[in-house]
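Everything below belongs to coords06.txt, which stores compact mmCIF, C-alpha atoms and all ligand atoms.
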# COMPACT_ATOMS: atom_id res chain seq x y z
CA MET A 1 12.46 26.64 -0.88
CA THR A 2 14.03 23.61 0.72
CA GLN A 3 13.18 20.05 -0.26
CA ARG A 4 11.33 18.39 2.61
CA LEU A 5 12.59 14.98 1.51
CA LEU A 6 16.25 16.03 1.68
CA ALA A 7 15.73 17.72 5.05
CA ALA A 8 14.17 14.54 6.47
CA LEU A 9 17.04 12.44 5.12
CA ALA A 10 19.44 14.85 6.82
CA GLY A 11 17.63 14.13 10.09
CA GLU A 12 16.17 17.61 10.39
CA PRO A 13 12.71 18.01 11.92
CA VAL A 14 10.21 18.63 9.09
CA SER A 15 6.57 19.42 9.68
CA PRO A 16 4.56 18.22 7.86
CA PRO A 17 6.81 15.28 6.89
CA PRO A 18 7.59 14.62 3.23
CA VAL A 19 5.31 12.20 1.37
CA TRP A 20 5.57 10.23 -1.87
CA VAL A 21 4.32 6.80 -2.93
CA MET A 22 6.26 3.91 -4.42
CA ARG A 23 5.05 3.14 -7.97
CA GLN A 24 3.21 6.48 -7.93
CA ALA A 25 3.51 6.64 -11.74
CA GLY A 26 1.57 3.67 -13.00
CA ARG A 27 -1.53 1.85 -13.93
CA TYR A 28 -3.88 3.23 -11.23
CA LEU A 29 -3.69 6.62 -13.01
CA PRO A 30 -5.98 7.10 -16.04
CA GLU A 31 -3.47 9.51 -17.60
CA TYR A 32 -0.79 6.78 -17.36
CA ARG A 33 -3.09 4.21 -18.96
CA GLU A 34 -3.79 6.74 -21.72
CA VAL A 35 -0.04 7.04 -22.52
CA ARG A 36 0.34 3.24 -22.31
CA SER A 37 -2.57 2.71 -24.73
CA ARG A 38 -0.40 4.37 -27.38
CA HIS A 39 3.12 3.25 -26.31
CA GLY A 40 4.65 0.02 -25.03
CA PHE A 41 6.25 -0.08 -21.57
CA GLN A 42 9.82 -0.30 -22.90
CA GLU A 43 9.10 2.45 -25.41
CA VAL A 44 7.98 4.76 -22.59
CA VAL A 45 11.11 3.95 -20.56
CA THR A 46 13.52 4.53 -23.46
CA THR A 47 11.87 7.72 -24.75
CA PRO A 48 12.87 10.51 -22.32
CA ALA A 49 9.95 12.80 -23.23
CA LEU A 50 7.45 10.00 -22.46
CA ALA A 51 9.28 8.78 -19.34
CA ALA A 52 9.47 12.35 -18.04
CA GLU A 53 5.78 12.88 -18.81
CA VAL A 54 4.62 9.86 -16.78
CA THR A 55 7.08 10.75 -13.99
CA MET A 56 5.38 14.15 -13.79
CA GLN A 57 1.79 12.84 -13.76
CA PRO A 58 1.59 12.15 -9.99
CA ILE A 59 3.52 15.37 -9.25
CA ARG A 60 0.90 17.47 -11.07
CA ARG A 61 -2.00 15.58 -9.52
CA PHE A 62 -0.80 15.23 -5.91
CA ASP A 63 2.20 17.59 -5.47
CA MET A 64 4.30 14.72 -4.07
CA ASP A 65 7.56 15.63 -2.32
CA GLY A 66 9.44 13.16 -4.52
CA ALA A 67 9.33 12.48 -8.27
CA VAL A 68 10.55 8.93 -8.90
CA ILE A 69 12.01 8.53 -12.37
CA PHE A 70 9.97 6.24 -14.60
CA ALA A 71 12.05 3.20 -15.54
CA ASP A 72 12.36 -0.35 -14.24
CA ILE A 73 14.91 -2.10 -12.07
CA MET A 74 15.64 -4.28 -15.16
CA THR A 75 16.31 -1.27 -17.44
CA PRO A 76 20.12 -1.19 -16.92
CA LEU A 77 20.31 -4.97 -17.49
CA GLU A 78 18.61 -4.49 -20.85
CA ALA A 79 21.31 -1.92 -21.59
CA MET A 80 23.91 -4.60 -20.70
CA GLY A 81 22.45 -6.83 -23.41
CA VAL A 82 19.99 -8.94 -21.39
CA GLU A 83 17.00 -9.40 -23.68
CA MET A 84 13.53 -9.30 -22.11
CA THR A 85 9.91 -8.42 -22.60
CA PHE A 86 7.41 -7.05 -20.05
CA ASP A 87 4.07 -8.79 -19.51
CA PRO A 88 3.48 -6.89 -17.21
CA GLY A 89 6.62 -7.98 -15.27
CA PRO A 90 9.97 -8.85 -16.87
CA LYS A 91 10.24 -12.11 -18.85
CA LEU A 92 13.63 -13.43 -19.98
CA GLU A 93 15.58 -16.62 -20.70
CA PRO A 94 16.87 -17.77 -17.29
CA TRP A 95 20.60 -17.14 -16.85
CA ALA A 96 23.14 -19.57 -15.39
CA LEU A 97 24.82 -18.16 -12.28
CA ARG A 98 28.31 -18.44 -13.77
CA ASP A 99 27.37 -16.41 -16.86
CA VAL A 100 26.22 -13.38 -14.86
CA ALA A 101 29.77 -12.37 -13.91
CA ASN A 102 30.61 -12.29 -17.63
CA LEU A 103 27.91 -9.77 -18.53
CA PRO A 104 29.44 -6.80 -20.37
CA GLU A 105 30.02 -3.59 -18.41
CA LEU A 106 27.16 -1.08 -18.44
CA ALA A 107 28.13 1.33 -21.22
CA PRO A 108 27.00 4.89 -20.31
CA ASP A 109 25.85 5.64 -23.87
CA ARG A 110 23.43 2.69 -23.81
CA ILE A 111 21.68 4.05 -20.71
CA ALA A 112 21.95 7.74 -21.59
CA HIS A 113 18.15 7.91 -22.04
CA VAL A 114 17.66 7.63 -18.27
CA GLY A 115 20.09 10.51 -17.69
CA GLU A 116 18.11 12.54 -20.19
CA THR A 117 14.83 11.69 -18.42
CA VAL A 118 16.33 12.83 -15.11
CA ARG A 119 17.44 16.13 -16.68
CA MET A 120 13.98 16.73 -18.17
CA VAL A 121 12.20 15.96 -14.88
CA LYS A 122 14.62 18.13 -12.89
CA GLU A 123 13.80 21.02 -15.25
CA GLU A 124 10.07 20.54 -14.77
CA VAL A 125 9.52 19.77 -11.07
CA PRO A 126 8.79 22.53 -8.55
CA GLU A 127 11.84 23.50 -6.49
CA HIS A 128 10.54 21.78 -3.34
CA THR A 129 10.19 18.42 -5.13
CA SER A 130 13.10 15.99 -4.93
CA VAL A 131 13.96 13.96 -8.01
CA ILE A 132 14.43 10.32 -7.01
CA GLY A 133 16.63 8.06 -9.13
CA PHE A 134 16.71 4.34 -8.45
CA ALA A 135 18.20 0.95 -9.19
CA GLY A 136 17.51 -2.64 -8.23
CA ALA A 137 19.84 -4.13 -5.63
CA PRO A 138 22.13 -6.92 -6.88
CA VAL A 139 20.41 -9.84 -5.09
CA THR A 140 17.02 -8.77 -6.45
CA LEU A 141 18.38 -8.39 -10.00
CA LEU A 142 20.07 -11.80 -9.73
CA ALA A 143 16.73 -13.27 -8.61
CA TYR A 144 15.09 -12.20 -11.89
CA LEU A 145 18.11 -13.26 -13.99
CA LEU A 146 18.19 -16.80 -12.56
CA GLU A 147 14.41 -17.26 -12.48
CA GLY A 148 13.64 -15.63 -15.84
CA GLY A 149 10.81 -13.54 -14.37
CA GLY A 150 8.73 -12.97 -11.28
CA ALA A 151 8.17 -15.74 -8.72
CA LYS A 152 6.75 -16.12 -5.25
CA ASP A 153 9.73 -17.72 -3.57
CA PHE A 154 12.69 -17.43 -6.01
CA MET A 155 13.90 -20.95 -5.17
CA SER A 156 16.47 -20.75 -7.99
CA LEU A 157 18.16 -17.76 -6.33
CA ARG A 158 18.17 -19.37 -2.89
CA ALA A 159 19.52 -22.67 -4.25
CA ALA A 160 22.24 -20.89 -6.25
CA LEU A 161 23.41 -18.78 -3.30
CA ARG A 162 23.70 -21.94 -1.18
CA SER A 163 25.35 -24.22 -3.71
CA ASP A 164 27.92 -21.80 -5.12
CA PRO A 165 28.44 -18.78 -2.84
CA GLY A 166 31.73 -17.95 -4.58
CA ALA A 167 30.19 -17.65 -8.04
CA ALA A 168 27.23 -15.82 -6.48
CA ALA A 169 29.53 -13.25 -4.87
CA GLU A 170 31.24 -12.67 -8.22
CA ALA A 171 27.94 -12.27 -10.06
CA LEU A 172 26.63 -9.91 -7.36
CA SER A 173 29.77 -7.83 -7.41
CA LYS A 174 29.48 -7.46 -11.18
CA LEU A 175 25.89 -6.22 -10.77
CA ALA A 176 26.94 -3.93 -7.89
CA ARG A 177 29.58 -2.14 -9.97
CA ALA A 178 27.09 -1.68 -12.80
CA MET A 179 24.40 -0.29 -10.44
CA ASN A 180 26.93 2.02 -8.78
CA GLY A 181 27.74 3.50 -12.19
CA TYR A 182 24.05 3.68 -13.08
CA LEU A 183 23.14 5.49 -9.85
CA SER A 184 26.01 7.96 -10.19
CA LEU A 185 24.88 8.69 -13.76
CA GLN A 186 21.44 9.58 -12.35
CA ALA A 187 22.95 11.71 -9.57
CA GLU A 188 25.11 13.57 -12.09
CA ALA A 189 22.06 14.17 -14.29
CA GLY A 190 20.27 15.86 -11.37
CA ALA A 191 18.69 13.20 -9.14
CA ASP A 192 18.54 14.65 -5.61
CA VAL A 193 18.36 11.25 -3.93
CA VAL A 194 18.54 7.63 -5.10
CA GLN A 195 16.73 4.55 -3.84
CA LEU A 196 17.96 0.97 -4.04
CA PHE A 197 15.08 -1.54 -4.32
CA ASP A 198 15.96 -4.90 -2.74
CA THR A 199 12.51 -6.41 -3.22
CA TRP A 200 13.48 -10.06 -2.74
CA ALA A 201 16.34 -9.89 -0.22
CA GLY A 202 13.81 -10.60 2.53
CA LEU A 203 13.53 -14.18 1.25
CA LEU A 204 17.01 -14.88 2.64
CA ASP A 205 17.81 -15.99 6.18
CA ARG A 206 19.89 -13.59 8.28
CA HIS A 207 23.16 -15.35 7.55
CA LEU A 208 22.80 -15.44 3.75
CA TYR A 209 21.39 -11.91 3.80
CA ASN A 210 24.39 -10.60 5.69
CA GLU A 211 26.95 -12.54 3.62
CA LEU A 212 25.52 -12.08 0.13
CA ALA A 213 22.90 -9.29 0.02
CA VAL A 214 24.52 -6.60 2.19
CA PRO A 215 28.00 -6.35 0.55
CA PRO A 216 26.79 -5.79 -3.03
CA ALA A 217 24.04 -3.41 -1.85
CA ARG A 218 26.70 -1.41 -0.01
CA GLU A 219 28.92 -1.44 -3.11
CA SER A 220 26.02 -0.18 -5.25
CA LEU A 221 25.68 2.91 -3.03
CA GLU A 222 29.34 3.59 -2.33
CA GLY A 223 30.77 7.02 -3.10
CA LEU A 224 27.56 8.56 -4.45
CA SER A 225 27.23 12.32 -4.19
CA VAL A 226 23.58 12.26 -3.03
CA PRO A 227 21.68 10.77 -0.06
CA THR A 228 20.48 7.19 -0.48
CA ILE A 229 17.48 5.10 0.61
CA TYR A 230 17.61 1.29 0.85
CA PHE A 231 14.29 -0.57 0.70
CA ALA A 232 13.91 -4.28 1.36
CA PRO A 233 10.25 -5.25 1.91
CA GLY A 234 9.55 -8.41 3.88
CA ALA A 235 12.94 -8.07 5.55
CA GLY A 236 11.96 -7.07 9.08
CA HIS A 237 14.11 -9.94 10.37
CA THR A 238 17.21 -8.20 8.98
CA LEU A 239 16.60 -4.63 10.16
CA ASP A 240 19.71 -4.37 12.33
CA LEU A 241 21.87 -5.94 9.59
CA GLN A 242 20.62 -3.40 7.04
CA ALA A 243 22.81 -0.75 8.68
CA GLY A 244 25.69 -2.56 6.93
CA VAL A 245 24.38 -1.29 3.60
CA GLY A 246 25.42 2.22 4.64
CA ALA A 247 22.35 4.03 3.27
CA THR A 248 21.21 7.43 4.53
CA GLY A 249 17.64 6.23 5.08
CA TYR A 250 15.75 2.94 5.09
CA GLY A 251 12.33 2.03 3.73
CA VAL A 252 10.22 -0.48 5.66
CA ASP A 253 7.08 -2.38 4.75
CA TRP A 254 3.84 -2.48 6.78
CA ARG A 255 4.53 -5.74 8.62
CA ILE A 256 6.53 -4.16 11.43
CA PRO A 257 5.71 -1.25 13.75
CA ILE A 258 7.65 1.74 12.45
CA GLU A 259 9.12 2.32 15.92
CA ASP A 260 11.08 -0.94 15.47
CA ALA A 261 12.77 0.53 12.40
CA PHE A 262 13.69 3.77 14.20
CA ASN A 263 15.05 1.71 17.10
CA SER A 264 17.00 -0.80 14.99
CA LEU A 265 18.51 1.83 12.69
CA PRO A 266 19.37 4.73 15.00
CA GLY A 267 20.52 7.91 13.31
CA HIS A 268 18.84 7.03 10.01
CA ALA A 269 15.76 8.41 8.30
CA ILE A 270 12.92 5.87 8.02
CA GLN A 271 10.50 5.71 5.09
CA GLY A 272 7.09 4.03 5.16
CA ASN A 273 5.12 2.20 6.31
CA LEU A 274 1.41 2.33 5.46
CA ASP A 275 -0.11 -0.88 4.15
CA PRO A 276 -0.90 -0.29 0.44
CA ALA A 277 -4.28 -1.90 1.23
CA VAL A 278 -5.15 1.23 3.22
CA LEU A 279 -5.60 3.05 -0.10
CA ARG A 280 -8.16 0.43 -1.13
CA THR A 281 -10.43 1.36 1.83
CA ASP A 282 -12.24 4.70 2.27
CA PRO A 283 -11.28 8.30 3.16
CA ASP A 284 -12.07 7.96 6.89
CA THR A 285 -9.99 4.81 7.25
CA ILE A 286 -7.11 6.41 5.33
CA ARG A 287 -7.18 9.50 7.60
CA ARG A 288 -7.33 7.31 10.71
CA ASP A 289 -4.38 5.15 9.61
CA VAL A 290 -2.26 8.16 8.62
CA LYS A 291 -2.97 9.72 12.00
CA ASP A 292 -2.04 6.48 13.72
CA LEU A 293 1.24 6.29 11.77
CA LEU A 294 2.17 9.88 12.59
CA THR A 295 1.29 9.32 16.26
CA ARG A 296 3.54 6.28 16.40
CA VAL A 297 6.39 8.20 14.79
CA GLY A 298 5.75 10.81 17.48
CA GLY A 299 7.52 13.65 15.70
CA ARG A 300 10.87 11.82 15.50
CA PRO A 301 12.98 13.64 12.92
CA GLY A 302 13.74 11.76 9.71
CA HIS A 303 10.36 10.29 8.82
CA ILE A 304 9.32 10.06 5.16
CA VAL A 305 5.68 9.07 4.70
CA ASN A 306 5.23 6.35 2.08
CA LEU A 307 3.50 3.03 1.60
CA GLY A 308 5.19 -0.16 2.73
CA HIS A 309 5.33 -1.31 -0.91
CA GLY A 310 4.12 -0.17 -4.35
CA ILE A 311 0.63 1.22 -4.79
CA ASP A 312 -1.95 -1.32 -5.95
CA ARG A 313 -3.16 -0.74 -9.49
CA ARG A 314 -6.83 -0.83 -8.41
CA THR A 315 -6.33 2.16 -6.08
CA PRO A 316 -8.74 5.06 -6.73
CA PRO A 317 -6.52 8.11 -7.42
CA GLU A 318 -8.74 10.24 -5.10
CA HIS A 319 -7.58 8.08 -2.21
CA VAL A 320 -4.00 9.16 -2.86
CA SER A 321 -5.17 12.79 -2.56
CA VAL A 322 -6.78 11.92 0.78
CA LEU A 323 -3.47 10.43 1.97
CA VAL A 324 -1.44 13.50 0.96
CA GLU A 325 -3.98 15.90 2.51
CA ALA A 326 -4.09 13.86 5.72
CA VAL A 327 -0.30 14.12 6.04
CA ARG A 328 -0.29 17.85 5.35
CA SER A 329 -3.24 18.93 7.48
O1 LIG A 401 2.17 -2.39 -17.88
C1 LIG A 401 2.93 -1.58 -17.29
O2 LIG A 401 2.73 -0.36 -17.35
C2 LIG A 401 4.11 -2.18 -16.59
C3 LIG A 401 4.01 -2.21 -15.09
C4 LIG A 401 5.35 -1.68 -14.56
C5 LIG A 401 5.61 -0.38 -14.13
C6 LIG A 401 4.64 0.78 -14.06
C7 LIG A 401 6.56 -2.40 -14.47
C8 LIG A 401 6.79 -3.82 -14.83
N1 LIG A 401 7.54 -1.55 -14.02
C9 LIG A 401 7.01 -0.32 -13.80
C10 LIG A 401 7.74 0.90 -13.37
C11 LIG A 401 8.61 0.81 -12.19
N2 LIG A 401 9.15 -0.34 -11.69
C12 LIG A 401 9.06 1.90 -11.40
C13 LIG A 401 8.82 3.39 -11.72
C14 LIG A 401 7.44 3.83 -11.40
C15 LIG A 401 7.20 4.43 -10.06
O3 LIG A 401 7.74 3.96 -9.04
O4 LIG A 401 6.41 5.36 -10.00
C16 LIG A 401 9.83 1.38 -10.37
C17 LIG A 401 10.51 2.14 -9.25
C18 LIG A 401 9.89 -0.03 -10.57
C19 LIG A 401 10.69 -0.91 -9.74
C20 LIG A 401 10.49 -2.38 -9.83
N3 LIG A 401 10.28 -3.16 -10.93
C21 LIG A 401 10.63 -3.25 -8.72
C22 LIG A 401 11.00 -2.79 -7.33
C23 LIG A 401 9.83 -2.19 -6.63
C24 LIG A 401 8.85 -3.17 -6.05
O5 LIG A 401 7.67 -3.03 -6.37
O6 LIG A 401 9.26 -4.04 -5.28
C25 LIG A 401 10.43 -4.55 -9.16
C26 LIG A 401 10.44 -5.80 -8.32
C27 LIG A 401 10.21 -4.50 -10.55
C28 LIG A 401 10.01 -5.65 -11.48
C29 LIG A 401 8.74 -5.48 -12.21
N4 LIG A 401 8.60 -4.65 -13.28
C30 LIG A 401 7.30 -4.64 -13.71
C31 LIG A 401 6.58 -5.50 -12.83
C32 LIG A 401 5.09 -5.81 -12.94
C33 LIG A 401 7.48 -6.03 -11.92
C34 LIG A 401 7.18 -7.06 -10.81
C35 LIG A 401 7.33 -8.41 -11.43
C36 LIG A 401 7.19 -9.59 -10.47
O7 LIG A 401 8.08 -9.83 -9.67
O8 LIG A 401 6.19 -10.29 -10.58
What is this file in structure tokens?
Amino acid sequence: MTQRLLAALAGEPVSPPPVWVMRQAGRYLPEYREVRSRHGFQEVVTTPALAAEVTMQPIRRFDMDGAVIFADIMTPLEAMGVEMTFDPGPKLEPWALRDVANLPELAPDRIAHVGETVRMVKEEVPEHTSVIGFAGAPVTLLAYLLEGGGAKDFMSLRAALRSDPGAAAEALSKLARAMNGYLSLQAEAGADVVQLFDTWAGLLDRHLYNELAVPPARESLEGLSVPTIYFAPGAGHTLDLQAGVGATGYGVDWRIPIEDAFNSLPGHAIQGNLDPAVLRTDPDTIRRDVKDLLTRVGGRPGHIVNLGHGIDRRTPPEHVSVLVEAVRS
């Protein structure tokens, strides 16, 4: 049986379209909370049997077309010696821009647990389910390194990129090479597709985005043996520039009409773009909004149904079933 997700990425017409949900393994699921009541977040990520188990939870419950490997965008940085805790997001000592280029290389044996998780998940998923590996894009990783954790506006990133673009480019290139190795490790272990999360690139103006976010994102995806998806939420103002990343498909958030993405990125698959808030409503509203999305896509080949960002942790799991059924009926 073919994988609907791969067919859509190849631009083939697929009816019904593939569907999965960003952050589908996580705190809205009681079975995830049960695992987390016994094991810390980092323990789950670094223990392949546990990471594979939580990766499989939404597959068993909803039969998603994609199984996204349970890890974090910061996981490979931890393997490069960056110390952090999670509460719930990453917390670390802020790094100086000039030190980032001197991070050690990502040693494959220190990240081997993710390869093992991918192998275990690949063994367990149904044949029609695509295994999705992922990494954080360099600008987004640099945002967390310079800030020391989450932030609303990542001023420290934006100031650093402006004041020392040369050092920034070096730091970003270092991160890009590491993520390229990390993604190819996942592809070799059996990931069918990989996604690059550029969560904070949308904070940049078009010029900085094009000069400093696109080149390292492109380098992260270069030469991989599997199709790729690039996702930068809040970056509707850079849609046309995103083609420079060279991904197979592009994820878009809910702020723009999905037709704009198909028009700005011709020849590419488009993933999205339901507002995660839709899953906080009620079954009728969910069905109506899915129908509206599919009508606007109008049967264009290369659509992957997903939310425009991660699922909210207060989402009732039954609402995810309603979404999947609405897509498939
Ligand atoms: O308590 C917990 O269980 C921790 C919550 C949590 C989870 C479930 C974190 C901390 N990370 C994850 C897993 C995770 N993170 C996955 C795999 C699960 C899945 O998708 O099903 C993925 C793909 C990520 C990616 C990730 N981590 C991103 C990019 C996606 C996005 O939402 O934009 C980002 C920005 C992070 C950083 C991060 N890690 C965790 C949190 C709470 C955050 C956000 C921190 C912040 O900026 O405030």
Open item on the list: Around the point (2.7, 0.5, -22.3) (coordinates from the file), which residues reach within 12 Å if we count all atoms listed in the file? Answer as a list in words.
Closed with: Gly26, Arg27, Glu31, Tyr32, Arg33, Glu34, Val35, Arg36, Ser37, Arg38, His39, Gly40, Phe41, Gln42, Glu43, Val44, Val45, Thr46, Thr47, Leu50, Ala51, Val54, Ala71, Thr85, Phe86, Asp87, Pro88 and Gly89 of chain A
Fewer than 2 positions away in the same chain doesn't count, so skip those; otherwise give me all residues within 12 Å of region 309-311 of chain A, counting only C-alpha atoms, as a short mmCIF file (atom, residue, chain, number, x, y, z; two decimals) with C-alpha atoms, in the frame of the given file.
data_model
loop_
_atom_site.label_atom_id
_atom_site.label_comp_id
_atom_site.auth_asym_id
_atom_site.auth_seq_id
_atom_site.Cartn_x
_atom_site.Cartn_y
_atom_site.Cartn_z
CA TRP A 20 5.57 10.23 -1.87
CA VAL A 21 4.32 6.80 -2.93
CA MET A 22 6.26 3.91 -4.42
CA ARG A 23 5.05 3.14 -7.97
CA GLN A 24 3.21 6.48 -7.93
CA ALA A 25 3.51 6.64 -11.74
CA GLY A 26 1.57 3.67 -13.00
CA ARG A 27 -1.53 1.85 -13.93
CA TYR A 28 -3.88 3.23 -11.23
CA LEU A 29 -3.69 6.62 -13.01
CA PHE A 197 15.08 -1.54 -4.32
CA ASP A 198 15.96 -4.90 -2.74
CA THR A 199 12.51 -6.41 -3.22
CA PHE A 231 14.29 -0.57 0.70
CA ALA A 232 13.91 -4.28 1.36
CA PRO A 233 10.25 -5.25 1.91
CA GLY A 234 9.55 -8.41 3.88
CA GLY A 251 12.33 2.03 3.73
CA VAL A 252 10.22 -0.48 5.66
CA ASP A 253 7.08 -2.38 4.75
CA TRP A 254 3.84 -2.48 6.78
CA ARG A 255 4.53 -5.74 8.62
CA GLN A 271 10.50 5.71 5.09
CA GLY A 272 7.09 4.03 5.16
CA ASN A 273 5.12 2.20 6.31
CA LEU A 274 1.41 2.33 5.46
CA ASP A 275 -0.11 -0.88 4.15
CA PRO A 276 -0.90 -0.29 0.44
CA ALA A 277 -4.28 -1.90 1.23
CA VAL A 278 -5.15 1.23 3.22
CA LEU A 279 -5.60 3.05 -0.10
CA ARG A 280 -8.16 0.43 -1.13
CA VAL A 305 5.68 9.07 4.70
CA ASN A 306 5.23 6.35 2.08
CA LEU A 307 3.50 3.03 1.60
CA ARG A 313 -3.16 -0.74 -9.49
CA ARG A 314 -6.83 -0.83 -8.41
CA THR A 315 -6.33 2.16 -6.08
CA PRO A 316 -8.74 5.06 -6.73
CA PRO A 317 -6.52 8.11 -7.42
CA HIS A 319 -7.58 8.08 -2.21
CA VAL A 320 -4.00 9.16 -2.86
#
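Distances from A:Ala269, A:Ala160, A:Ala107, A:Met120 to Ala7 (chain A) were compared using all atoms listed in the file, and the smallest one belongs to A:Ala269.
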Could you check which residues have any atom within 12 Å of (17.5, 8.0, 8.7), counting only C-alpha atoms with coordinates taken straight from the file, and then list them as a PDB file with C-alpha atoms, in the frame of the given file?
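Saved result, out_16.pdb, follows:
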ATOM      1  CA  LEU A   5      12.590  14.980   1.510  1.00  0.00           C
ATOM      2  CA  LEU A   6      16.250  16.030   1.680  1.00  0.00           C
ATOM      3  CA  ALA A   7      15.730  17.720   5.050  1.00  0.00           C
ATOM      4  CA  ALA A   8      14.170  14.540   6.470  1.00  0.00           C
ATOM      5  CA  LEU A   9      17.040  12.440   5.120  1.00  0.00           C
ATOM      6  CA  ALA A  10      19.440  14.850   6.820  1.00  0.00           C
ATOM      7  CA  GLY A  11      17.630  14.130  10.090  1.00  0.00           C
ATOM      8  CA  GLU A  12      16.170  17.610  10.390  1.00  0.00           C
ATOM      9  CA  PRO A  13      12.710  18.010  11.920  1.00  0.00           C
ATOM     10  CA  PRO A 227      21.680  10.770  -0.060  1.00  0.00           C
ATOM     11  CA  THR A 228      20.480   7.190  -0.480  1.00  0.00           C
ATOM     12  CA  ILE A 229      17.480   5.100   0.610  1.00  0.00           C
ATOM     13  CA  TYR A 230      17.610   1.290   0.850  1.00  0.00           C
ATOM     14  CA  GLN A 242      20.620  -3.400   7.040  1.00  0.00           C
ATOM     15  CA  ALA A 243      22.810  -0.750   8.680  1.00  0.00           C
ATOM     16  CA  GLY A 246      25.420   2.220   4.640  1.00  0.00           C
ATOM     17  CA  ALA A 247      22.350   4.030   3.270  1.00  0.00           C
ATOM     18  CA  THR A 248      21.210   7.430   4.530  1.00  0.00           C
ATOM     19  CA  GLY A 249      17.640   6.230   5.080  1.00  0.00           C
ATOM     20  CA  TYR A 250      15.750   2.940   5.090  1.00  0.00           C
ATOM     21  CA  GLY A 251      12.330   2.030   3.730  1.00  0.00           C
ATOM     22  CA  VAL A 252      10.220  -0.480   5.660  1.00  0.00           C
ATOM     23  CA  ALA A 261      12.770   0.530  12.400  1.00  0.00           C
ATOM     24  CA  PHE A 262      13.690   3.770  14.200  1.00  0.00           C
ATOM     25  CA  ASN A 263      15.050   1.710  17.100  1.00  0.00           C
ATOM     26  CA  SER A 264      17.000  -0.800  14.990  1.00  0.00           C
ATOM     27  CA  LEU A 265      18.510   1.830  12.690  1.00  0.00           C
ATOM     28  CA  PRO A 266      19.370   4.730  15.000  1.00  0.00           C
ATOM     29  CA  GLY A 267      20.520   7.910  13.310  1.00  0.00           C
ATOM     30  CA  HIS A 268      18.840   7.030  10.010  1.00  0.00           C
ATOM     31  CA  ALA A 269      15.760   8.410   8.300  1.00  0.00           C
ATOM     32  CA  ILE A 270      12.920   5.870   8.020  1.00  0.00           C
ATOM     33  CA  GLN A 271      10.500   5.710   5.090  1.00  0.00           C
ATOM     34  CA  GLY A 272       7.090   4.030   5.160  1.00  0.00           C
ATOM     35  CA  ARG A 300      10.870  11.820  15.500  1.00  0.00           C
ATOM     36  CA  PRO A 301      12.980  13.640  12.920  1.00  0.00           C
ATOM     37  CA  GLY A 302      13.740  11.760   9.710  1.00  0.00           C
ATOM     38  CA  HIS A 303      10.360  10.290   8.820  1.00  0.00           C
ATOM     39  CA  ILE A 304       9.320  10.060   5.160  1.00  0.00           C
TER      40      ILE A 304
END
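Here CA of Asn102 (chain A) stands at a distance of 12.2 Å from CA of Ala178 (chain A).
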Task: Nearest residue to ligand LIG 401 (chain A) from the set A:Asp292, A:Glu116, A:Asp109, A:Glu147 (distances using only C-alpha atoms and all ligand atoms) - done: A:Glu147
- [ ] Compile the contact shell of region 204-217 of chain A as an MDAnalysis selection string: residues with an atom at most 9 Å away, counting all atoms listed in the file, same-chain residues fewer than 6 positions apart removed.
- [x] chainID A and resid 137:140 158 161:162 165 168:169 172:177 196 198 230 235 237:238 241:246
- [ ] Go through A:Gly299, A:Gly66, A:Gly308, A:Gly166 and flag the residue nearest Val194 (chain A), using only C-alpha atoms for the distances.
- [x] A:Gly66
